[in-house]
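Asks: My structure is below; once you've seen it, I'll send some questions.
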Amino acid sequence: MIARIIIPLILLLVLPQLYMDLHYTRHKKHGRRWRRLLGWLPVALLCGWAVVLALEPNFAPDNKSLLFWFLLFLGIFAVPRALYALCSFLGWRWCKWRHKRINWGNMIGFLLGVFVVFVVVYGATIGFRKLEVRHVDIAAADLPAAFDGYRIVHFSDIHVGSYTGSDQQLLQKMVDSINAQLPDAIMFTGDIQNMEPQELYPVMQILSGLQAPDGVFSVLGNHDYAYYIPSADDAVKTANERETVNRQRQLGWNVLLNEHHAIRRGKDSIVVAGMENLSPAPYPHKGNAREAMSGVRKGAFTIMLEHDPWAWETDILPNSDAQLTLSGHTHGGQFALFGRSPMELLNRRGGGLYSEDGRNMYVSKGVGGFIPFRFGATGEVVVITLHRAK
């Protein structure tokens, strides 16, 4: 993970300190050498920490706390300093150009830095631990009459490896919240783990508590494959992927791997289809909507489960007639201000309900995250009630 951004990361650490050292510290008459050394010491430590993490052959080290603590220090130390230095530099150049004496960039940079510290601390503590229950109603003309009012709880992206120690109580809170909705079926759209199935061992009993009359359906997300442990040999990768599936089946979940399952009410039925993960390269690209729908009669009301919403336009809409698609993957960006995520500025479907030509997709913001942080993009479980349109 860190190896991919090591050069920008080093620049983020070094350039702000270089600016402040040249612009401020070196002009101090008393204790100049010690002041400069003290200023560079945390930068050097974080740079060394970053290099150690970058040398890790897998996506993250086995001890995830080494990565999480590094990112926390980066957020409360490096990023605020970088913002302050940038604003100070721009303000200094403005003063030079306009012949002003007061550098307002210093104040702006300070306030931005304080805000970033607040966002990081809140997001890594209170924000990550919040969970909301969202209710969505979807009407469809071809929904069988027996399924009018059918209740689905959709959740996604647990990333159980991010819940350690007392934080596992948050998973129990999620299970209790889902069961309290009295769903007819529960549907999970991938990323149950961070990197490997061993993360599931401590929480199997908690997750086995999910209950619904028609069962729990699930698909795999990009983190549920061996992509994030490239150092392992092929046999280990294959065994890990198989175990991730088997562990979910031990929970009683119906894992759909480019296949489907019918739910019946008397003579009426609906279909739950599930694709493997379908993401753009270099992520796992195994999903196939045609294969998942093979044998489904035309016109049958179908709910498609696919982890990555990217697949909706690229495969599901053109190659199936699934009326409702449930996805996750985005986490809602895990950051939003005034209800808007930066992902929306990029015209990406980051979370919520989307419609096209009478067909719907709901993208869950998920429950957890590989990085335990959320600000303004609260984790969610979604109660979707199906209605027969008149």
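Here, A, B, ... name the chains of the structure tokens in the order displayed, residue numbers run from 1 inside each chain, and ligands are numbered from 1 in the same displayed order.
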Counting only C-alpha atoms, what is within 8 Å of A:Gly351, bar same-chain residues fewer than 6 positions away, as a PDB file with C-alpha atoms, in the first residue's frame?
Replies:
ATOM      1  CA  GLY A 328     -20.756  -1.649  -2.060  1.00  0.00           C
ATOM      2  CA  THR A 330     -16.926   2.672  -2.304  1.00  0.00           C
ATOM      3  CA  HIS A 331     -17.429   3.118   1.480  1.00  0.00           C
ATOM      4  CA  GLY A 332     -18.979   6.452   0.499  1.00  0.00           C
ATOM      5  CA  TYR A 362     -28.218   0.772  -4.450  1.00  0.00           C
ATOM      6  CA  VAL A 363     -24.585   1.383  -3.469  1.00  0.00           C
ATOM      7  CA  SER A 364     -23.978   0.851   0.241  1.00  0.00           C
ATOM      8  CA  LYS A 365     -21.496   3.025   2.107  1.00  0.00           C
TER       9      LYS A 365
END
Asks: Would you mind listing what lies within 12 Å of A:Met361 as a PDB file with C-alpha atoms, in the first residue's frame, with only C-alpha atoms counted and same-chain residues fewer than 5 positions away left out?
Replies:
ATOM      1  CA  VAL A 136     -35.283   2.738   1.129  1.00  0.00           C
ATOM      2  CA  ILE A 138     -38.282   0.519  -4.304  1.00  0.00           C
ATOM      3  CA  HIS A 154     -28.338  -4.887   2.623  1.00  0.00           C
ATOM      4  CA  THR A 302     -33.996 -10.486 -10.147  1.00  0.00           C
ATOM      5  CA  ILE A 303     -31.812  -8.916  -7.491  1.00  0.00           C
ATOM      6  CA  MET A 304     -28.161  -8.882  -8.575  1.00  0.00           C
ATOM      7  CA  LEU A 305     -25.409  -8.794  -5.954  1.00  0.00           C
ATOM      8  CA  GLU A 306     -22.090  -7.383  -7.199  1.00  0.00           C
ATOM      9  CA  HIS A 307     -19.414  -5.823  -5.030  1.00  0.00           C
ATOM     10  CA  ASP A 308     -18.165  -3.111  -7.382  1.00  0.00           C
ATOM     11  CA  PRO A 309     -20.784  -0.684  -8.798  1.00  0.00           C
ATOM     12  CA  TRP A 310     -18.476  -0.207 -11.797  1.00  0.00           C
ATOM     13  CA  ALA A 311     -19.918  -3.475 -13.103  1.00  0.00           C
ATOM     14  CA  TRP A 312     -23.459  -2.061 -13.299  1.00  0.00           C
ATOM     15  CA  GLU A 313     -22.869  -0.108 -16.499  1.00  0.00           C
ATOM     16  CA  ILE A 316     -25.048  -5.891 -15.611  1.00  0.00           C
ATOM     17  CA  LEU A 317     -27.138  -3.391 -17.607  1.00  0.00           C
ATOM     18  CA  ALA A 322     -31.745  -7.684 -13.316  1.00  0.00           C
ATOM     19  CA  GLN A 323     -34.158  -5.045 -12.016  1.00  0.00           C
ATOM     20  CA  LEU A 324     -32.266  -4.275  -8.801  1.00  0.00           C
ATOM     21  CA  THR A 325     -28.511  -4.363  -8.218  1.00  0.00           C
ATOM     22  CA  LEU A 326     -26.930  -4.128  -4.765  1.00  0.00           C
ATOM     23  CA  SER A 327     -23.288  -3.048  -4.496  1.00  0.00           C
ATOM     24  CA  GLY A 328     -20.756  -1.649  -2.060  1.00  0.00           C
ATOM     25  CA  ARG A 349     -21.534   6.502  -7.803  1.00  0.00           C
ATOM     26  CA  GLY A 350     -20.281   6.675  -4.240  1.00  0.00           C
ATOM     27  CA  GLY A 351     -23.416   5.746  -2.319  1.00  0.00           C
ATOM     28  CA  GLY A 352     -27.191   5.756  -2.443  1.00  0.00           C
ATOM     29  CA  LEU A 353     -29.895   4.824  -4.950  1.00  0.00           C
ATOM     30  CA  TYR A 354     -29.367   5.220  -8.710  1.00  0.00           C
ATOM     31  CA  SER A 355     -31.806   4.570 -11.544  1.00  0.00           C
ATOM     32  CA  GLU A 356     -31.433   4.074 -15.253  1.00  0.00           C
ATOM     33  CA  ILE A 384     -34.874  -2.076   1.329  1.00  0.00           C
TER      34      ILE A 384
END
Asks: Produce a table with one row for each residue of stretch 32-94 of chain A that has an atom at most 12 Å from any atom of stretch 199-204 of chain A, each row naming the nearest atom pair and its distance in Å at one decimal; use only C-alpha atoms; arrange rows by chain and rising residue number; format as CSV.
Replies:
residue,atom,partner,partner_atom,distance
A:Asp62,CA,A:Glu199,CA,10.8
A:Asn63,CA,A:Glu199,CA,11.8
A:Lys64,CA,A:Glu199,CA,11.4
Asks: Which neighbours of A:Arg374 fall inside 12 Å, counting only C-alpha atoms, when residues of the same chain fewer than 2 positions from it are skipped, and could you give them as a ChimeraX atom specification?
Replies: /A:119-131,331-337,341,365-372,376-380
Asks: Give one line per residue of stretch 157-208 of chain A that approaches stretch 251-254 of chain A to at most 9 Å, naming the two atoms of the closest pair and their distance in Å to one decimal, counting only C-alpha atoms; sort by chain then ascending residue number and deliver it as JSON lines.
Replies:
{"residue": "A:Met204", "atom": "CA", "partner": "A:Leu251", "partner_atom": "CA", "distance": 7.0}
{"residue": "A:Gln205", "atom": "CA", "partner": "A:Leu251", "partner_atom": "CA", "distance": 8.3}
{"residue": "A:Leu207", "atom": "CA", "partner": "A:Leu251", "partner_atom": "CA", "distance": 7.0}
{"residue": "A:Ser208", "atom": "CA", "partner": "A:Leu251", "partner_atom": "CA", "distance": 5.0}
Asks: Among stretch 33-142 of chain A, which residues carry a DSSP assignment of alpha helix (DSSP H), reported as an mmCIF file with N, CA, C and O atoms, in the first residue's frame?
Replies:
data_model
loop_
_atom_site.group_PDB
_atom_site.id
_atom_site.type_symbol
_atom_site.label_atom_id
_atom_site.label_comp_id
_atom_site.auth_asym_id
_atom_site.auth_seq_id
_atom_site.Cartn_x
_atom_site.Cartn_y
_atom_site.Cartn_z
ATOM 1 N N ARG A 33 20.627 25.500 16.196
ATOM 2 C CA ARG A 33 20.931 24.141 15.774
ATOM 3 C C ARG A 33 19.951 23.131 16.396
ATOM 4 O O ARG A 33 19.451 22.241 15.724
ATOM 5 N N TRP A 34 19.677 23.282 17.693
ATOM 6 C CA TRP A 34 18.766 22.352 18.346
ATOM 7 C C TRP A 34 17.345 22.504 17.835
ATOM 8 O O TRP A 34 16.626 21.510 17.699
ATOM 9 N N ARG A 35 16.942 23.711 17.557
ATOM 10 C CA ARG A 35 15.594 23.916 17.018
ATOM 11 C C ARG A 35 15.453 23.216 15.667
ATOM 12 O O ARG A 35 14.435 22.585 15.380
ATOM 13 N N ARG A 36 16.470 23.346 14.850
ATOM 14 C CA ARG A 36 16.402 22.740 13.520
ATOM 15 C C ARG A 36 16.413 21.217 13.623
ATOM 16 O O ARG A 36 15.677 20.526 12.909
ATOM 17 N N LEU A 37 17.254 20.681 14.518
ATOM 18 C CA LEU A 37 17.306 19.232 14.683
ATOM 19 C C LEU A 37 15.984 18.681 15.216
ATOM 20 O O LEU A 37 15.496 17.647 14.752
ATOM 21 N N LEU A 38 15.398 19.383 16.173
ATOM 22 C CA LEU A 38 14.120 18.941 16.722
ATOM 23 C C LEU A 38 13.004 18.999 15.668
ATOM 24 O O LEU A 38 12.087 18.188 15.683
ATOM 25 N N GLY A 39 13.094 19.984 14.786
ATOM 26 C CA GLY A 39 12.100 20.084 13.717
ATOM 27 C C GLY A 39 12.202 18.937 12.727
ATOM 28 O O GLY A 39 11.189 18.438 12.219
ATOM 29 N N TRP A 40 13.450 18.510 12.450
ATOM 30 C CA TRP A 40 13.656 17.447 11.471
ATOM 31 C C TRP A 40 13.500 16.052 12.064
ATOM 32 O O TRP A 40 13.287 15.079 11.329
ATOM 33 N N LEU A 41 13.587 15.898 13.380
ATOM 34 C CA LEU A 41 13.552 14.576 13.989
ATOM 35 C C LEU A 41 12.271 13.808 13.689
ATOM 36 O O LEU A 41 12.329 12.656 13.215
ATOM 37 N N PRO A 42 11.065 14.363 13.942
ATOM 38 C CA PRO A 42 9.848 13.591 13.630
ATOM 39 C C PRO A 42 9.702 13.314 12.136
ATOM 40 O O PRO A 42 9.157 12.275 11.762
ATOM 41 N N VAL A 43 10.191 14.252 11.311
ATOM 42 C CA VAL A 43 10.135 14.027 9.862
ATOM 43 C C VAL A 43 10.995 12.828 9.485
ATOM 44 O O VAL A 43 10.581 11.950 8.704
ATOM 45 N N ALA A 44 12.206 12.758 10.051
ATOM 46 C CA ALA A 44 13.096 11.641 9.761
ATOM 47 C C ALA A 44 12.501 10.319 10.244
ATOM 48 O O ALA A 44 12.588 9.293 9.559
ATOM 49 N N LEU A 45 11.877 10.329 11.425
ATOM 50 C CA LEU A 45 11.278 9.111 11.952
ATOM 51 C C LEU A 45 10.125 8.625 11.069
ATOM 52 O O LEU A 45 10.008 7.425 10.777
ATOM 53 N N LEU A 46 9.279 9.552 10.641
ATOM 54 C CA LEU A 46 8.164 9.165 9.781
ATOM 55 C C LEU A 46 8.646 8.705 8.408
ATOM 56 O O LEU A 46 8.067 7.778 7.818
ATOM 57 N N CYS A 47 9.692 9.331 7.888
ATOM 58 C CA CYS A 47 10.254 8.889 6.608
ATOM 59 C C CYS A 47 10.798 7.466 6.730
ATOM 60 O O CYS A 47 10.580 6.621 5.849
ATOM 61 N N GLY A 48 11.523 7.202 7.827
ATOM 62 C CA GLY A 48 12.029 5.855 8.043
ATOM 63 C C GLY A 48 10.913 4.850 8.190
ATOM 64 O O GLY A 48 10.984 3.730 7.648
ATOM 65 N N TRP A 49 9.862 5.218 8.916
ATOM 66 C CA TRP A 49 8.684 4.357 9.099
ATOM 67 C C TRP A 49 8.038 4.058 7.750
ATOM 68 O O TRP A 49 7.655 2.918 7.459
ATOM 69 N N ALA A 50 7.937 5.094 6.901
ATOM 70 C CA ALA A 50 7.330 4.923 5.580
ATOM 71 C C ALA A 50 8.154 3.964 4.720
ATOM 72 O O ALA A 50 7.585 3.120 4.003
ATOM 73 N N VAL A 51 9.469 4.069 4.782
ATOM 74 C CA VAL A 51 10.329 3.185 3.993
ATOM 75 C C VAL A 51 10.161 1.736 4.451
ATOM 76 O O VAL A 51 10.078 0.815 3.629
ATOM 77 N N VAL A 52 10.107 1.521 5.767
ATOM 78 C CA VAL A 52 9.909 0.167 6.293
ATOM 79 C C VAL A 52 8.591 -0.419 5.789
ATOM 80 O O VAL A 52 8.526 -1.578 5.351
ATOM 81 N N LEU A 53 7.529 0.385 5.823
ATOM 82 C CA LEU A 53 6.229 -0.089 5.337
ATOM 83 C C LEU A 53 6.256 -0.327 3.830
ATOM 84 O O LEU A 53 5.607 -1.250 3.327
ATOM 85 N N ALA A 54 7.009 0.503 3.104
ATOM 86 C CA ALA A 54 7.080 0.353 1.650
ATOM 87 C C ALA A 54 7.804 -0.929 1.249
ATOM 88 O O ALA A 54 7.564 -1.465 0.153
ATOM 89 N N LYS A 64 -1.256 -5.036 11.424
ATOM 90 C CA LYS A 64 -1.900 -3.875 10.798
ATOM 91 C C LYS A 64 -1.761 -2.616 11.631
ATOM 92 O O LYS A 64 -1.843 -1.510 11.096
ATOM 93 N N SER A 65 -1.536 -2.757 12.928
ATOM 94 C CA SER A 65 -1.427 -1.574 13.781
ATOM 95 C C SER A 65 -0.239 -0.706 13.374
ATOM 96 O O SER A 65 -0.267 0.513 13.562
ATOM 97 N N LEU A 66 0.809 -1.311 12.798
ATOM 98 C CA LEU A 66 1.951 -0.528 12.320
ATOM 99 C C LEU A 66 1.526 0.442 11.219
ATOM 100 O O LEU A 66 1.991 1.578 11.159
ATOM 101 N N LEU A 67 0.627 -0.013 10.366
ATOM 102 C CA LEU A 67 0.121 0.849 9.297
ATOM 103 C C LEU A 67 -0.875 1.858 9.835
ATOM 104 O O LEU A 67 -0.821 3.047 9.491
ATOM 105 N N PHE A 68 -1.792 1.415 10.699
ATOM 106 C CA PHE A 68 -2.838 2.303 11.201
ATOM 107 C C PHE A 68 -2.230 3.459 12.009
ATOM 108 O O PHE A 68 -2.641 4.618 11.859
ATOM 109 N N TRP A 69 -1.238 3.153 12.873
ATOM 110 C CA TRP A 69 -0.616 4.203 13.669
ATOM 111 C C TRP A 69 0.189 5.155 12.793
ATOM 112 O O TRP A 69 0.222 6.367 13.043
ATOM 113 N N PHE A 70 0.820 4.619 11.756
ATOM 114 C CA PHE A 70 1.557 5.488 10.830
ATOM 115 C C PHE A 70 0.606 6.470 10.151
ATOM 116 O O PHE A 70 0.893 7.682 10.064
ATOM 117 N N LEU A 71 -0.518 5.980 9.683
ATOM 118 C CA LEU A 71 -1.486 6.854 9.011
ATOM 119 C C LEU A 71 -2.072 7.874 9.983
ATOM 120 O O LEU A 71 -2.363 9.020 9.593
ATOM 121 N N LEU A 72 -2.256 7.470 11.243
ATOM 122 C CA LEU A 72 -2.768 8.410 12.230
ATOM 123 C C LEU A 72 -1.774 9.545 12.468
ATOM 124 O O LEU A 72 -2.160 10.724 12.475
ATOM 125 N N PHE A 73 -0.500 9.212 12.647
ATOM 126 C CA PHE A 73 0.512 10.259 12.837
ATOM 127 C C PHE A 73 0.644 11.123 11.583
ATOM 128 O O PHE A 73 0.894 12.328 11.668
ATOM 129 N N VAL A 79 0.107 16.072 7.505
ATOM 130 C CA VAL A 79 -0.851 16.777 6.645
ATOM 131 C C VAL A 79 -1.128 18.197 7.149
ATOM 132 O O VAL A 79 -1.122 19.149 6.352
ATOM 133 N N PRO A 80 -1.371 18.417 8.458
ATOM 134 C CA PRO A 80 -1.559 19.807 8.917
ATOM 135 C C PRO A 80 -0.343 20.692 8.650
ATOM 136 O O PRO A 80 -0.499 21.853 8.266
ATOM 137 N N ARG A 81 0.866 20.152 8.841
ATOM 138 C CA ARG A 81 2.069 20.936 8.563
ATOM 139 C C ARG A 81 2.182 21.271 7.087
ATOM 140 O O ARG A 81 2.599 22.382 6.722
ATOM 141 N N ALA A 82 1.806 20.316 6.237
ATOM 142 C CA ALA A 82 1.865 20.562 4.799
ATOM 143 C C ALA A 82 0.888 21.655 4.390
ATOM 144 O O ALA A 82 1.220 22.536 3.577
ATOM 145 N N LEU A 83 -0.321 21.623 4.947
ATOM 146 C CA LEU A 83 -1.302 22.660 4.639
ATOM 147 C C LEU A 83 -0.832 24.026 5.141
ATOM 148 O O LEU A 83 -0.982 25.046 4.449
ATOM 149 N N TYR A 84 -0.289 24.041 6.359
ATOM 150 C CA TYR A 84 0.209 25.304 6.905
ATOM 151 C C TYR A 84 1.330 25.862 6.035
ATOM 152 O O TYR A 84 1.341 27.053 5.699
ATOM 153 N N ALA A 85 2.281 25.009 5.658
ATOM 154 C CA ALA A 85 3.416 25.472 4.849
ATOM 155 C C ALA A 85 2.949 25.987 3.492
ATOM 156 O O ALA A 85 3.448 27.012 3.005
ATOM 157 N N LEU A 86 2.000 25.284 2.873
ATOM 158 C CA LEU A 86 1.493 25.718 1.565
ATOM 159 C C LEU A 86 0.807 27.069 1.674
ATOM 160 O O LEU A 86 1.074 27.983 0.871
ATOM 161 N N CYS A 87 -0.087 27.227 2.654
ATOM 162 C CA CYS A 87 -0.793 28.501 2.813
ATOM 163 C C CYS A 87 0.180 29.622 3.178
ATOM 164 O O CYS A 87 0.044 30.762 2.697
ATOM 165 N N SER A 88 1.144 29.315 4.037
ATOM 166 C CA SER A 88 2.131 30.312 4.429
ATOM 167 C C SER A 88 2.966 30.766 3.230
ATOM 168 O O SER A 88 3.223 31.958 3.041
ATOM 169 N N PHE A 89 3.372 29.796 2.412
ATOM 170 C CA PHE A 89 4.170 30.124 1.225
ATOM 171 C C PHE A 89 3.376 30.987 0.252
ATOM 172 O O PHE A 89 3.884 31.999 -0.258
ATOM 173 N N LEU A 90 2.119 30.613 -0.005
ATOM 174 C CA LEU A 90 1.293 31.400 -0.925
ATOM 175 C C LEU A 90 1.045 32.803 -0.369
ATOM 176 O O LEU A 90 1.077 33.800 -1.110
ATOM 177 N N GLY A 91 0.795 32.877 0.952
ATOM 178 C CA GLY A 91 0.604 34.189 1.569
ATOM 179 C C GLY A 91 1.859 35.038 1.510
ATOM 180 O O GLY A 91 1.791 36.260 1.298
ATOM 181 N N TRP A 92 3.008 34.416 1.699
ATOM 182 C CA TRP A 92 4.292 35.132 1.624
ATOM 183 C C TRP A 92 4.532 35.681 0.222
ATOM 184 O O TRP A 92 4.934 36.834 0.053
ATOM 185 N N ARG A 93 4.243 34.862 -0.791
ATOM 186 C CA ARG A 93 4.411 35.344 -2.177
ATOM 187 C C ARG A 93 3.421 36.478 -2.475
ATOM 188 O O ARG A 93 3.753 37.426 -3.189
ATOM 189 N N TRP A 94 2.198 36.379 -1.935
ATOM 190 C CA TRP A 94 1.203 37.442 -2.115
ATOM 191 C C TRP A 94 1.697 38.740 -1.487
ATOM 192 O O TRP A 94 1.568 39.822 -2.086
ATOM 193 N N CYS A 95 2.251 38.634 -0.287
ATOM 194 C CA CYS A 95 2.779 39.830 0.383
ATOM 195 C C CYS A 95 3.906 40.461 -0.426
ATOM 196 O O CYS A 95 4.007 41.694 -0.523
ATOM 197 N N LYS A 96 4.766 39.647 -0.991
ATOM 198 C CA LYS A 96 5.856 40.161 -1.813
ATOM 199 C C LYS A 96 5.316 40.880 -3.051
ATOM 200 O O LYS A 96 5.821 41.947 -3.445
ATOM 201 N N TRP A 97 4.301 40.292 -3.643
ATOM 202 C CA TRP A 97 3.761 40.849 -4.879
ATOM 203 C C TRP A 97 2.967 42.126 -4.618
ATOM 204 O O TRP A 97 3.102 43.121 -5.338
ATOM 205 N N ARG A 98 2.170 42.127 -3.529
ATOM 206 C CA ARG A 98 1.293 43.255 -3.250
ATOM 207 C C ARG A 98 1.895 44.216 -2.231
ATOM 208 O O ARG A 98 1.249 45.200 -1.858
ATOM 209 N N TRP A 104 -1.558 36.619 5.831
ATOM 210 C CA TRP A 104 -2.776 35.955 6.282
ATOM 211 C C TRP A 104 -2.765 34.461 5.986
ATOM 212 O O TRP A 104 -3.555 33.698 6.533
ATOM 213 N N GLY A 105 -1.854 34.031 5.121
ATOM 214 C CA GLY A 105 -1.732 32.606 4.836
ATOM 215 C C GLY A 105 -1.371 31.814 6.067
ATOM 216 O O GLY A 105 -1.760 30.639 6.200
ATOM 217 N N ASN A 106 -0.624 32.437 7.003
ATOM 218 C CA ASN A 106 -0.268 31.737 8.240
ATOM 219 C C ASN A 106 -1.513 31.390 9.051
ATOM 220 O O ASN A 106 -1.649 30.274 9.563
ATOM 221 N N MET A 107 -2.429 32.355 9.173
ATOM 222 C CA MET A 107 -3.653 32.111 9.936
ATOM 223 C C MET A 107 -4.541 31.087 9.236
ATOM 224 O O MET A 107 -5.088 30.176 9.877
ATOM 225 N N ILE A 108 -4.675 31.220 7.916
ATOM 226 C CA ILE A 108 -5.502 30.266 7.171
ATOM 227 C C ILE A 108 -4.926 28.858 7.290
ATOM 228 O O ILE A 108 -5.642 27.891 7.531
ATOM 229 N N GLY A 109 -3.606 28.750 7.138
ATOM 230 C CA GLY A 109 -2.963 27.449 7.246
ATOM 231 C C GLY A 109 -3.112 26.844 8.631
ATOM 232 O O GLY A 109 -3.321 25.633 8.770
ATOM 233 N N PHE A 110 -3.014 27.682 9.672
ATOM 234 C CA PHE A 110 -3.182 27.194 11.034
ATOM 235 C C PHE A 110 -4.589 26.655 11.250
ATOM 236 O O PHE A 110 -4.771 25.565 11.814
ATOM 237 N N LEU A 111 -5.598 27.397 10.793
ATOM 238 C CA LEU A 111 -6.983 26.971 10.976
ATOM 239 C C LEU A 111 -7.267 25.685 10.202
ATOM 240 O O LEU A 111 -7.960 24.785 10.698
ATOM 241 N N LEU A 112 -6.737 25.585 8.977
ATOM 242 C CA LEU A 112 -6.918 24.367 8.196
ATOM 243 C C LEU A 112 -6.249 23.182 8.884
ATOM 244 O O LEU A 112 -6.787 22.074 8.919
ATOM 245 N N GLY A 113 -5.075 23.412 9.454
ATOM 246 C CA GLY A 113 -4.371 22.352 10.161
ATOM 247 C C GLY A 113 -5.145 21.852 11.362
ATOM 248 O O GLY A 113 -5.234 20.639 11.602
ATOM 249 N N VAL A 114 -5.720 22.782 12.131
ATOM 250 C CA VAL A 114 -6.531 22.399 13.295
ATOM 251 C C VAL A 114 -7.744 21.591 12.845
ATOM 252 O O VAL A 114 -8.109 20.581 13.475
ATOM 253 N N PHE A 115 -8.365 22.017 11.741
ATOM 254 C CA PHE A 115 -9.529 21.291 11.227
ATOM 255 C C PHE A 115 -9.147 19.874 10.812
ATOM 256 O O PHE A 115 -9.888 18.911 11.089
ATOM 257 N N VAL A 116 -8.009 19.714 10.163
ATOM 258 C CA VAL A 116 -7.563 18.384 9.736
ATOM 259 C C VAL A 116 -7.327 17.485 10.951
ATOM 260 O O VAL A 116 -7.705 16.309 10.952
ATOM 261 N N VAL A 117 -6.693 18.006 11.990
ATOM 262 C CA VAL A 117 -6.473 17.224 13.201
ATOM 263 C C VAL A 117 -7.804 16.767 13.788
ATOM 264 O O VAL A 117 -7.960 15.605 14.196
ATOM 265 N N PHE A 118 -8.782 17.681 13.828
ATOM 266 C CA PHE A 118 -10.113 17.328 14.337
ATOM 267 C C PHE A 118 -10.733 16.225 13.491
ATOM 268 O O PHE A 118 -11.283 15.246 14.030
ATOM 269 N N VAL A 119 -10.658 16.350 12.159
ATOM 270 C CA VAL A 119 -11.242 15.350 11.267
ATOM 271 C C VAL A 119 -10.598 13.989 11.493
ATOM 272 O O VAL A 119 -11.285 12.963 11.594
ATOM 273 N N VAL A 120 -9.277 13.958 11.589
ATOM 274 C CA VAL A 120 -8.569 12.692 11.742
ATOM 275 C C VAL A 120 -8.908 12.031 13.080
ATOM 276 O O VAL A 120 -9.222 10.832 13.134
ATOM 277 N N VAL A 121 -8.858 12.798 14.160
ATOM 278 C CA VAL A 121 -9.119 12.229 15.486
ATOM 279 C C VAL A 121 -10.572 11.774 15.596
ATOM 280 O O VAL A 121 -10.857 10.662 16.069
ATOM 281 N N TYR A 122 -11.513 12.611 15.147
ATOM 282 C CA TYR A 122 -12.925 12.240 15.203
ATOM 283 C C TYR A 122 -13.205 11.028 14.311
ATOM 284 O O TYR A 122 -13.893 10.080 14.721
ATOM 285 N N PHE A 128 -15.782 6.297 13.166
ATOM 286 C CA PHE A 128 -15.701 4.909 12.723
ATOM 287 C C PHE A 128 -16.651 4.014 13.504
ATOM 288 O O PHE A 128 -17.053 2.947 13.018
ATOM 289 N N ARG A 129 -17.026 4.420 14.682
ATOM 290 C CA ARG A 129 -17.858 3.589 15.543
ATOM 291 C C ARG A 129 -19.352 3.851 15.396
ATOM 292 O O ARG A 129 -20.158 3.188 16.032
#
Asks: With only C-alpha atoms as the counted atoms, please give the residues lying no more than 8 Å from A:Met293, apart from itself and same-chain residues fewer than 5 positions off, as a compact mmCIF listing (two decimals) with N, CA, C and O atoms, in the first residue's frame.
Replies:
# COMPACT_ATOMS: atom_id res chain seq x y z
N ASN A 258 -21.07 -16.26 -9.36
CA ASN A 258 -21.61 -16.25 -10.72
C ASN A 258 -22.73 -17.28 -10.86
O ASN A 258 -22.75 -18.09 -11.80
N GLU A 259 -23.67 -17.24 -9.89
CA GLU A 259 -24.78 -18.18 -9.89
C GLU A 259 -25.99 -17.50 -9.24
O GLU A 259 -25.91 -16.34 -8.84
N HIS A 260 -27.08 -18.23 -9.15
CA HIS A 260 -28.31 -17.61 -8.63
C HIS A 260 -29.08 -18.60 -7.77
O HIS A 260 -28.81 -19.80 -7.76
N ALA A 273 -29.30 -13.26 -7.72
CA ALA A 273 -28.11 -13.65 -8.48
C ALA A 273 -26.89 -12.97 -7.87
O ALA A 273 -26.99 -11.85 -7.35
N SER A 320 -27.75 -8.36 -18.74
CA SER A 320 -28.77 -9.02 -17.91
C SER A 320 -29.99 -8.11 -17.84
O SER A 320 -29.93 -6.96 -18.27
